file my_file.cif (mmCIF, C-alpha atoms)
data_data
#
loop_
_atom_site.label_atom_id
_atom_site.label_comp_id
_atom_site.auth_asym_id
_atom_site.auth_seq_id
_atom_site.Cartn_x
_atom_site.Cartn_y
_atom_site.Cartn_z
CA MET A 1024 -10.89 18.59 -32.86
CA GLU A 1025 -11.24 15.90 -30.22
CA GLN A 1026 -10.08 16.79 -26.72
CA LEU A 1027 -7.91 14.61 -24.56
CA PRO A 1028 -9.90 13.19 -21.64
CA SER A 1029 -8.85 14.18 -18.13
CA MET A 1030 -6.50 11.93 -16.22
CA TRP A 1031 -8.60 12.71 -13.12
CA ARG A 1032 -11.82 11.17 -14.30
CA ASP A 1033 -13.55 8.94 -11.75
CA GLU A 1034 -12.77 5.60 -13.42
CA LEU A 1035 -9.03 6.35 -13.21
CA LEU A 1036 -8.98 6.62 -9.42
CA HIS A 1037 -8.73 2.83 -9.26
CA PRO A 1038 -5.39 2.45 -11.10
CA LYS A 1039 -4.00 5.32 -9.04
CA VAL A 1040 -4.89 3.56 -5.78
CA VAL A 1041 -4.52 -0.12 -6.54
CA HIS A 1042 -0.73 -0.43 -6.71
CA PHE A 1043 -0.24 0.62 -3.07
CA PRO A 1044 -2.04 -2.39 -1.55
CA ILE A 1045 -0.41 -4.74 -4.08
CA ALA A 1046 3.06 -3.61 -3.00
CA LEU A 1047 2.30 -3.27 0.72
CA LEU A 1048 0.44 -6.56 1.18
CA ILE A 1049 3.07 -8.61 -0.68
CA PHE A 1050 5.89 -6.81 1.12
CA GLY A 1051 4.11 -7.15 4.48
CA THR A 1052 3.66 -10.89 3.96
CA ALA A 1053 7.35 -11.26 3.02
CA LEU A 1054 8.28 -9.33 6.16
CA LEU A 1055 6.10 -11.64 8.27
CA ILE A 1056 7.85 -14.69 6.83
CA ALA A 1057 11.23 -13.10 7.59
CA ALA A 1058 10.04 -12.16 11.09
CA LEU A 1059 9.01 -15.75 11.80
CA ILE A 1060 12.26 -17.17 10.44
CA PHE A 1061 14.41 -14.74 12.43
CA ARG A 1062 12.15 -14.51 15.51
CA LYS A 1063 15.03 -15.34 17.85
CA ASN A 1064 17.30 -12.63 16.45
CA GLU A 1065 16.72 -9.51 18.52
CA LYS A 1066 18.41 -7.27 15.97
CA LEU A 1067 15.68 -8.18 13.53
CA SER A 1068 12.83 -7.68 15.98
CA PHE A 1069 11.65 -4.73 13.89
CA LEU A 1070 10.46 -7.13 11.19
CA MET A 1071 7.20 -8.07 12.93
CA PRO A 1072 6.01 -4.49 13.62
CA ALA A 1073 7.11 -3.49 10.12
CA SER A 1074 5.05 -6.35 8.71
CA ARG A 1075 2.03 -5.33 10.81
CA LEU A 1076 2.28 -1.74 9.63
CA ALA A 1077 2.64 -2.69 5.96
CA ILE A 1078 -0.27 -5.15 6.16
CA PHE A 1079 -2.48 -2.66 8.03
CA ILE A 1080 -1.92 0.17 5.54
CA GLY A 1081 -2.13 -2.35 2.69
CA ALA A 1082 -5.50 -3.62 3.93
CA ILE A 1083 -6.86 -0.07 4.08
CA GLY A 1084 -5.52 0.32 0.55
CA ALA A 1085 -7.22 -2.93 -0.48
CA TRP A 1086 -10.62 -1.69 0.69
CA THR A 1087 -9.99 1.65 -1.01
CA ALA A 1088 -9.12 -0.25 -4.18
CA VAL A 1089 -12.38 -2.21 -3.90
CA LEU A 1090 -14.31 1.04 -3.48
CA THR A 1091 -12.62 2.80 -6.41
CA GLY A 1092 -12.94 -0.41 -8.43
CA ASN A 1093 -16.69 -0.36 -7.92
CA ILE A 1094 -16.72 3.25 -9.12
CA ALA A 1095 -14.68 2.32 -12.21
CA ASP A 1096 -16.95 -0.66 -12.84
CA SER A 1097 -19.97 1.62 -13.08
CA PHE A 1098 -18.26 3.43 -15.97
CA VAL A 1099 -16.69 0.60 -17.95
CA ALA A 1100 -18.63 -2.61 -17.27
CA ARG A 1101 -21.37 -2.03 -19.84
CA GLU A 1102 -18.84 -1.74 -22.69
CA LEU A 1103 -16.60 -4.69 -21.86
CA CYS A 1104 -16.50 -7.59 -24.30
CA ASP A 1105 -16.14 -10.06 -21.43
CA PRO A 1106 -17.71 -8.69 -18.23
CA ILE A 1107 -17.12 -12.00 -16.48
CA VAL A 1108 -13.45 -11.02 -16.12
CA ALA A 1109 -14.54 -7.85 -14.31
CA LYS A 1110 -16.86 -9.84 -12.05
CA ASP A 1111 -14.07 -12.27 -11.14
CA HIS A 1112 -11.70 -9.33 -10.60
CA GLU A 1113 -14.21 -7.82 -8.18
CA ARG A 1114 -15.05 -11.06 -6.38
CA PHE A 1115 -11.44 -12.00 -5.77
CA ALA A 1116 -10.57 -8.42 -4.75
CA TYR A 1117 -13.17 -8.69 -1.97
CA LEU A 1118 -11.63 -12.01 -0.99
CA VAL A 1119 -8.16 -10.43 -0.73
CA ALA A 1120 -9.50 -7.59 1.44
CA TYR A 1121 -11.33 -10.02 3.72
CA LEU A 1122 -8.41 -12.43 4.08
CA PHE A 1123 -5.98 -9.69 5.11
CA SER A 1124 -8.56 -7.96 7.30
CA GLY A 1125 -9.31 -11.30 8.98
CA GLY A 1126 -5.60 -11.80 9.64
CA ILE A 1127 -5.31 -8.32 11.13
CA LEU A 1128 -8.30 -8.92 13.42
CA ILE A 1129 -6.92 -12.25 14.63
CA ASP A 1130 -3.51 -10.66 15.19
CA PHE A 1131 -5.11 -7.77 17.07
CA PHE A 1132 -7.31 -9.88 19.33
CA SER A 1133 -4.61 -12.44 19.99
CA ARG A 1134 -2.48 -9.66 21.50
CA PHE A 1135 -5.24 -8.63 23.88
CA PHE A 1136 -6.46 -12.07 24.83
CA LYS A 1137 -3.86 -14.64 25.68
CA PHE A 1138 -4.77 -18.08 24.42
CA ALA A 1139 -2.17 -20.32 25.93
CA SER A 1140 -3.23 -23.40 23.99
CA LEU A 1141 -3.48 -21.54 20.68
CA LYS A 1142 -0.41 -19.35 21.04
CA LYS A 1143 1.71 -21.46 18.72
CA PHE A 1144 -0.93 -21.60 16.03
CA VAL A 1145 -1.87 -17.92 15.82
CA PRO A 1146 1.17 -16.85 13.72
CA VAL A 1147 0.67 -19.90 11.47
CA ILE A 1148 -3.02 -19.09 10.95
CA ILE A 1149 -2.19 -15.46 10.19
CA LEU A 1150 0.61 -16.49 7.84
CA LEU A 1151 -1.72 -18.88 6.01
CA LEU A 1152 -4.32 -16.13 5.62
CA TYR A 1153 -1.70 -13.72 4.30
CA LEU A 1154 -0.13 -16.29 1.97
CA GLY A 1155 -3.57 -17.19 0.65
CA GLY A 1156 -4.37 -13.50 0.34
CA THR A 1157 -1.14 -12.86 -1.55
CA GLY A 1158 -1.87 -15.68 -3.99
CA VAL A 1159 -5.36 -14.35 -4.66
CA LEU A 1160 -3.95 -10.82 -4.87
CA LEU A 1161 -1.62 -11.87 -7.68
CA TYR A 1162 -4.56 -13.41 -9.52
CA VAL A 1163 -6.63 -10.24 -9.00
CA GLY A 1164 -3.77 -8.21 -10.49
CA HIS A 1165 -3.63 -10.60 -13.45
CA LEU A 1166 -7.37 -10.15 -14.04
CA GLY A 1167 -6.99 -6.37 -13.75
CA GLY A 1168 -4.28 -6.55 -16.40
CA LYS A 1169 -6.59 -8.58 -18.65
CA LEU A 1170 -9.30 -5.93 -18.30
CA VAL A 1171 -6.94 -3.15 -19.34
CA PHE A 1172 -4.65 -4.80 -21.88
CA GLN A 1173 -7.13 -7.15 -23.54
CA GLN A 1174 -10.39 -5.24 -23.25
CA GLY A 1175 -9.14 -1.66 -23.00
CA ALA A 1176 -11.14 -0.92 -19.85
CA ALA A 1177 -11.11 2.84 -19.22
CA VAL A 1178 -8.42 3.23 -21.87
CA TYR A 1179 -8.73 6.18 -24.23
CA GLN A 1180 -8.18 5.36 -27.91
CA PRO A 1181 -6.34 8.25 -29.62
CA SER A 1182 -7.61 9.47 -32.95
CA GLU A 1183 -5.84 8.20 -36.07
CA ASP A 1184 -4.02 11.50 -36.69
CA CYS A 1185 -3.30 12.14 -32.99
CA SER A 1186 -4.52 15.71 -33.46
CA GLU A 1187 -5.76 15.96 -29.87
CA PHE A 1188 -2.15 15.82 -28.68
CA GLU A 1189 -1.09 18.90 -30.65
CA MET B 467 -11.55 -16.67 25.24
CA ARG B 468 -10.56 -19.60 23.11
CA LYS B 469 -14.13 -19.87 21.89
CA LEU B 470 -14.16 -16.15 21.05
CA PHE B 471 -10.98 -16.57 19.07
CA LEU B 472 -12.33 -19.53 17.13
CA ILE B 473 -15.59 -17.67 16.48
CA LEU B 474 -13.60 -14.71 15.17
CA LEU B 475 -11.55 -16.96 12.92
CA THR B 476 -14.67 -18.68 11.62
CA ILE B 477 -16.40 -15.35 10.99
CA SER B 478 -13.44 -13.91 9.10
CA LEU B 479 -13.10 -17.01 6.92
CA SER B 480 -16.84 -17.16 6.35
CA PHE B 481 -16.87 -13.53 5.31
CA ALA B 482 -14.04 -14.27 2.91
CA LEU B 483 -15.94 -17.14 1.36
CA ILE B 484 -19.37 -15.53 1.13
CA SER B 485 -18.19 -12.10 0.13
CA CYS B 486 -17.26 -13.05 -3.34
CA GLY B 487 -19.97 -11.05 -5.05
CA GLU B 488 -22.23 -12.28 -7.78
CA GLU B 489 -21.33 -14.89 -10.33
CA ILE B 490 -22.81 -14.39 -13.74
CA ASP B 491 -23.22 -16.67 -16.74
CA VAL B 492 -23.17 -16.18 -20.48
CA VAL B 493 -25.86 -17.58 -22.78
CA GLU B 494 -26.21 -17.68 -26.54
CA SER B 495 -28.21 -15.01 -28.38
CA GLY B 496 -31.92 -15.68 -28.11
CA THR B 497 -35.02 -15.19 -26.02
CA TYR B 498 -35.19 -16.43 -22.46
CA GLU B 499 -37.61 -16.27 -19.56
CA GLY B 500 -36.69 -15.77 -15.95
CA VAL B 501 -37.11 -13.79 -12.76
CA VAL B 502 -35.49 -10.44 -11.94
CA ALA B 503 -32.98 -11.04 -9.14
CA LYS B 504 -31.62 -7.52 -8.74
CA VAL B 505 -32.25 -4.08 -10.20
CA VAL B 506 -29.60 -1.35 -10.25
CA PRO B 507 -31.54 1.76 -11.34
CA GLU B 508 -28.58 4.16 -11.45
CA GLU B 509 -26.86 1.97 -14.01
CA GLU B 510 -29.98 0.69 -15.74
CA GLU B 511 -28.74 -2.78 -14.98
CA ILE B 512 -30.58 -5.95 -14.00
CA TYR B 513 -29.64 -9.44 -12.93
CA VAL B 514 -31.96 -12.18 -14.10
CA ASN B 515 -32.25 -15.78 -12.89
CA LEU B 516 -33.16 -17.58 -16.09
CA ASP B 517 -35.38 -20.63 -16.11
CA ASN B 518 -32.46 -22.68 -17.43
CA GLY B 519 -30.65 -22.12 -14.13
CA LYS B 520 -28.24 -19.47 -15.39
CA LYS B 521 -27.88 -15.97 -14.02
CA VAL B 522 -27.23 -13.12 -16.43
CA GLU B 523 -26.35 -9.47 -16.00
CA LEU B 524 -27.93 -7.06 -18.45
CA TYR B 525 -27.05 -3.42 -18.97
CA PHE B 526 -29.82 -1.61 -20.82
CA LYS B 527 -28.67 0.09 -24.00
CA GLU B 528 -30.13 3.12 -25.72
CA ASN B 529 -32.01 0.85 -28.09
CA THR B 530 -33.24 -1.65 -25.48
CA VAL B 531 -37.01 -1.84 -25.49
CA LEU B 532 -38.87 -2.53 -22.22
CA MET B 533 -42.47 -3.66 -22.67
CA ARG B 534 -45.41 -4.38 -20.42
CA ASP B 535 -48.79 -5.39 -21.79
CA THR B 536 -47.71 -4.40 -25.32
CA LEU B 537 -46.80 -0.88 -24.13
CA GLU B 538 -43.31 0.51 -23.87
CA VAL B 539 -42.52 1.43 -20.25
CA ALA B 540 -39.68 3.08 -18.31
CA PHE B 541 -36.87 1.22 -16.60
CA SER B 542 -38.35 2.16 -13.21
CA GLU B 543 -41.17 -0.34 -13.87
CA LEU B 544 -38.74 -3.19 -13.29
CA ALA B 545 -38.66 -4.74 -9.84
CA VAL B 546 -37.16 -7.74 -8.10
CA ASP B 547 -39.11 -11.00 -8.41
CA GLN B 548 -40.88 -9.90 -11.59
CA ARG B 549 -41.14 -12.54 -14.24
CA ILE B 550 -39.70 -11.31 -17.52
CA SER B 551 -38.83 -12.42 -21.00
CA VAL B 552 -35.55 -11.14 -22.43
CA GLU B 553 -34.21 -11.16 -25.94
CA VAL B 554 -30.44 -10.88 -25.79
CA LEU B 555 -27.65 -10.51 -28.29
CA LYS B 556 -24.35 -12.09 -27.34
CA VAL B 557 -21.47 -9.72 -28.18
CA GLY B 558 -18.21 -11.37 -27.18
CA ASN B 559 -19.13 -12.56 -23.72
CA ARG B 560 -21.37 -9.56 -23.11
CA LEU B 561 -25.12 -9.84 -23.31
CA ASP B 562 -26.90 -6.83 -24.79
CA PRO B 563 -30.63 -6.80 -24.09
CA ILE B 564 -32.64 -6.02 -27.20
CA LYS B 565 -36.13 -6.47 -25.80
CA VAL B 566 -37.30 -7.03 -22.24
CA GLU B 567 -40.92 -7.87 -21.54
CA ILE B 568 -42.48 -7.83 -18.08
CA ILE B 569 -44.74 -10.87 -17.95
CA GLU B 570 -46.08 -10.52 -14.40
#
call {"tool": "encode", "arguments": {"input": "my_file.cif", "output": "structure tokens"}}
result
Amino acid sequence: MEQLPSMWRDELLHPKVVHFPIALLIFGTALLIAALIFRKNEKLSFLMPASRLAIFIGAIGAWTAVLTGNIADSFVARELCDPIVAKDHERFAYLVAYLFSGGILIDFFSRFFKFASLKKFVPVIILLLYLGGTGVLLYVGHLGGKLVFQQGAAVYQPSEDCSEFE
Amino acid sequence: MRKLFLILLTISLSFALISCGEEIDVVESGTYEGVVAKVVPEEEEIYVNLDNGKKVELYFKENTVLMRDTLEVAFSELAVDQRISVEVLKVGNRLDPIKVEIIE
């Protein structure tokens, strides 16, 4: 009788990790927008640090997702019917990680070094990076969905009589 | 300081643009010649720049034959910049190498 494969196999680390950065980066970007809209409201001054925290943890999650994605790729890529989808998924995932990491670095350095002439533009530049990153992130998620739901990447196919579940 | 900031911004955007990994192409089933662009020994995988300008990714299968001077050789014989001939079978959008021959 066939045995059910473990849910802790290496290629399944990626789906366990990937949803954290998706949620945190989108939420962090939304918080940044709210923080900029309500920047004069002192009661809502927590929005900016909350955004920074969500984006920071989300970016760490994004790089972890890239790493676990590369591990998963080494298991599933050779069996995919359309590996180009996996390549695009990987390429745009790197782009997401770099865009958010770039925004974090600019945010970090702009707090240490005061650029009087650029002060107004820094939040806009960061917001543009995060909005761009969020757009690409949604596309990366779409491609990830295509890999799983169209090509069955890392998906176990149960036997016809489901005997391994007994 | 302003320069440093602009440099940082440029670097981060450049990284974003150049970090996008490798693009690969799909070709029809057939035999092609090209140059090995990358070898991934642990996955028995190669990237080949074909003479027609396309770049393909090939995962060796159990039945893939690798030849050199009419003799069958191990995957470890493959190296970057080698000129090779590949016979591929297009399965969906995946290219399965049937026969790979090291020309030089």
call {"tool": "closest_atom_pairs", "arguments": {"input": "my_file.cif", "of": "chain A", "to": "chain B", "cutoff": "7 Å", "atoms": "all atoms listed in the file", "output": "JSON lines"}}
result
{"residue": "A:Ser1097", "atom": "CA", "partner": "B:Glu509", "partner_atom": "CA", "distance": 7.0}
{"residue": "A:Arg1101", "atom": "CA", "partner": "B:Tyr525", "partner_atom": "CA", "distance": 5.9}
{"residue": "A:Leu1103", "atom": "CA", "partner": "B:Arg560", "partner_atom": "CA", "distance": 6.9}
{"residue": "A:Cys1104", "atom": "CA", "partner": "B:Gly558", "partner_atom": "CA", "distance": 5.1}
{"residue": "A:Asp1105", "atom": "CA", "partner": "B:Asn559", "partner_atom": "CA", "distance": 4.5}
{"residue": "A:Pro1106", "atom": "CA", "partner": "B:Arg560", "partner_atom": "CA", "distance": 6.2}
{"residue": "A:Ile1107", "atom": "CA", "partner": "B:Ile490", "partner_atom": "CA", "distance": 6.8}
{"residue": "A:Lys1110", "atom": "CA", "partner": "B:Glu489", "partner_atom": "CA", "distance": 7.0}
{"residue": "A:Arg1114", "atom": "CA", "partner": "B:Cys486", "partner_atom": "CA", "distance": 4.3}
{"residue": "A:Phe1115", "atom": "CA", "partner": "B:Cys486", "partner_atom": "CA", "distance": 6.4}
{"residue": "A:Tyr1117", "atom": "CA", "partner": "B:Cys486", "partner_atom": "CA", "distance": 6.1}
{"residue": "A:Leu1118", "atom": "CA", "partner": "B:Ala482", "partner_atom": "CA", "distance": 5.1}
{"residue": "A:Tyr1121", "atom": "CA", "partner": "B:Ala482", "partner_atom": "CA", "distance": 5.1}
{"residue": "A:Leu1122", "atom": "CA", "partner": "B:Ala482", "partner_atom": "CA", "distance": 6.0}
{"residue": "A:Gly1125", "atom": "CA", "partner": "B:Ser478", "partner_atom": "CA", "distance": 4.9}
{"residue": "A:Ile1129", "atom": "CA", "partner": "B:Leu475", "partner_atom": "CA", "distance": 6.8}
{"residue": "A:Phe1136", "atom": "CA", "partner": "B:Met467", "partner_atom": "CA", "distance": 6.9}
{"residue": "A:Phe1138", "atom": "CA", "partner": "B:Arg468", "partner_atom": "CA", "distance": 6.1}
call {"tool": "resolve_selection", "arguments": {"input": "my_file.cif", "expression": "the PyMOL selection byres ((chain A and resi 1034) around 12)", "output": "list in words"}}
result
Pro1028, Ser1029, Met1030, Trp1031, Arg1032, Asp1033, Leu1035, Leu1036, His1037, Pro1038, Lys1039, Val1040, Ala1088, Leu1090, Thr1091, Gly1092, Asn1093, Ile1094, Ala1095, Asp1096, Ser1097, Phe1098, Val1099, Ala1100, Ala1176, Ala1177, Val1178 and Tyr1179 of chain A
call {"tool": "closest_residue", "arguments": {"input": "my_file.cif", "among": "B:Val566, B:Ile550, B:Leu544, B:Val531", "to": "Asn515 (chain B)", "atoms": "all atoms listed in the file"}}
result
B:Ile550
call {"tool": "atom_distance", "arguments": {"input": "my_file.cif", "atom1": "CA of Ala1120 (chain A)", "atom2": "CA of Leu1076 (chain A)"}}
result
15.5 Å
call {"tool": "resolve_selection", "arguments": {"input": "my_file.cif", "expression": "the PyMOL selection byres ((chain B and resi 533) around 9)", "output": "PyMOL selection string"}}
result
chain B and resi 531-532+534-540+565-569
call {"tool": "closest_residue", "arguments": {"input": "my_file.cif", "among": "A:Phe1172, A:Phe1069, A:Tyr1153, A:Tyr1162", "to": "Phe1123 (chain A)", "atoms": "all atoms listed in the file"}}
result
A:Tyr1153
call {"tool": "atom_distance", "arguments": {"input": "my_file.cif", "atom1": "CA of Gln1180 (chain A)", "atom2": "CA of Val493 (chain B)"}}
result
29.4 Å
call {"tool": "closest_residue", "arguments": {"input": "my_file.cif", "among": "A:Ala1082, A:Val1119, A:Ala1057, A:Val1108", "to": "Thr1157 (chain A)", "atoms": "all atoms listed in the file"}}
result
A:Val1119
call {"tool": "atom_distance", "arguments": {"input": "my_file.cif", "atom1": "CA of Cys1185 (chain A)", "atom2": "CA of Gln1026 (chain A)"}}
result
10.3 Å
call {"tool": "residues_around", "arguments": {"input": "my_file.cif", "residues": "Val502 (chain B)", "least_positions_apart": "3", "cutoff": "9 Å", "atoms": "all atoms listed in the file", "output": "MDAnalysis selection string"}}
result
chainID B and resid 505 512:516 544:550
call {"tool": "closest_residue", "arguments": {"input": "my_file.cif", "among": "B:Ser551, B:Gly496, B:Glu543, B:Thr530", "to": "Asp517 (chain B)", "atoms": "all atoms listed in the file"}}
result
B:Ser551
call {"tool": "axis_aligned_box", "arguments": {"input": "my_file.cif", "around": "region 513-516 of chain B", "padding_each_side": "5 Å", "output": "lines of an AutoDock Vina configuration file"}}
result
center_x = -31.4
center_y = -13.5
center_z = -14.5
size_x = 13.5
size_y = 18.1
size_z = 13.2
call {"tool": "resolve_selection", "arguments": {"input": "my_file.cif", "expression": "the PyMOL selection byres ((chain B and resi 497) around 6)", "output": "list in words"}}
result
Gly496, Tyr498, Val552 and Glu553 of chain B
call {"tool": "closest_residue", "arguments": {"input": "my_file.cif", "among": "A:Leu1128, A:Val1147, A:Val1163, A:Ala1109", "to": "Ile1056 (chain A)", "atoms": "all atoms listed in the file"}}
result
A:Val1147
call {"tool": "build_atoms", "arguments": {"input": "my_file.cif", "residues": "region 487-501 of chain B", "atoms": "N, CA and C atoms", "output": "PDB file, in the coordinates of the input"}}
result
ATOM      1  N   GLY B 487     -19.176 -11.738  -4.046  1.00  0.00           N
ATOM      2  CA  GLY B 487     -19.970 -11.050  -5.050  1.00  0.00           C
ATOM      3  C   GLY B 487     -20.811 -12.002  -5.888  1.00  0.00           C
ATOM      4  N   GLU B 488     -21.310 -11.486  -6.998  1.00  0.00           N
ATOM      5  CA  GLU B 488     -22.230 -12.280  -7.780  1.00  0.00           C
ATOM      6  C   GLU B 488     -21.543 -12.930  -8.966  1.00  0.00           C
ATOM      7  N   GLU B 489     -21.832 -14.196  -9.148  1.00  0.00           N
ATOM      8  CA  GLU B 489     -21.330 -14.890 -10.330  1.00  0.00           C
ATOM      9  C   GLU B 489     -22.353 -14.732 -11.437  1.00  0.00           C
ATOM     10  N   ILE B 490     -21.874 -14.517 -12.624  1.00  0.00           N
ATOM     11  CA  ILE B 490     -22.810 -14.390 -13.740  1.00  0.00           C
ATOM     12  C   ILE B 490     -22.439 -15.401 -14.830  1.00  0.00           C
ATOM     13  N   ASP B 491     -23.420 -15.712 -15.653  1.00  0.00           N
ATOM     14  CA  ASP B 491     -23.220 -16.670 -16.740  1.00  0.00           C
ATOM     15  C   ASP B 491     -23.403 -15.968 -18.087  1.00  0.00           C
ATOM     16  N   VAL B 492     -22.968 -16.675 -19.112  1.00  0.00           N
ATOM     17  CA  VAL B 492     -23.170 -16.180 -20.480  1.00  0.00           C
ATOM     18  C   VAL B 492     -24.054 -17.188 -21.206  1.00  0.00           C
ATOM     19  N   VAL B 493     -25.008 -16.694 -21.968  1.00  0.00           N
ATOM     20  CA  VAL B 493     -25.860 -17.580 -22.780  1.00  0.00           C
ATOM     21  C   VAL B 493     -25.765 -17.152 -24.236  1.00  0.00           C
ATOM     22  N   GLU B 494     -26.208 -18.010 -25.112  1.00  0.00           N
ATOM     23  CA  GLU B 494     -26.210 -17.680 -26.540  1.00  0.00           C
ATOM     24  C   GLU B 494     -27.297 -16.645 -26.845  1.00  0.00           C
ATOM     25  N   SER B 495     -27.168 -15.966 -27.971  1.00  0.00           N
ATOM     26  CA  SER B 495     -28.210 -15.010 -28.380  1.00  0.00           C
ATOM     27  C   SER B 495     -29.546 -15.743 -28.481  1.00  0.00           C
ATOM     28  N   GLY B 496     -30.599 -15.058 -28.051  1.00  0.00           N
ATOM     29  CA  GLY B 496     -31.920 -15.680 -28.110  1.00  0.00           C
ATOM     30  C   GLY B 496     -32.869 -15.061 -27.112  1.00  0.00           C
ATOM     31  N   THR B 497     -34.018 -15.693 -26.954  1.00  0.00           N
ATOM     32  CA  THR B 497     -35.020 -15.190 -26.020  1.00  0.00           C
ATOM     33  C   THR B 497     -35.161 -16.158 -24.849  1.00  0.00           C
ATOM     34  N   TYR B 498     -35.141 -15.613 -23.671  1.00  0.00           N
ATOM     35  CA  TYR B 498     -35.190 -16.430 -22.460  1.00  0.00           C
ATOM     36  C   TYR B 498     -36.223 -15.857 -21.498  1.00  0.00           C
ATOM     37  N   GLU B 499     -36.730 -16.729 -20.633  1.00  0.00           N
ATOM     38  CA  GLU B 499     -37.610 -16.270 -19.560  1.00  0.00           C
ATOM     39  C   GLU B 499     -36.929 -16.487 -18.225  1.00  0.00           C
ATOM     40  N   GLY B 500     -37.286 -15.627 -17.268  1.00  0.00           N
ATOM     41  CA  GLY B 500     -36.690 -15.770 -15.950  1.00  0.00           C
ATOM     42  C   GLY B 500     -37.282 -14.767 -14.982  1.00  0.00           C
ATOM     43  N   VAL B 501     -36.626 -14.670 -13.825  1.00  0.00           N
ATOM     44  CA  VAL B 501     -37.110 -13.790 -12.760  1.00  0.00           C
ATOM     45  C   VAL B 501     -36.031 -12.756 -12.442  1.00  0.00           C
TER      46      VAL B 501
END
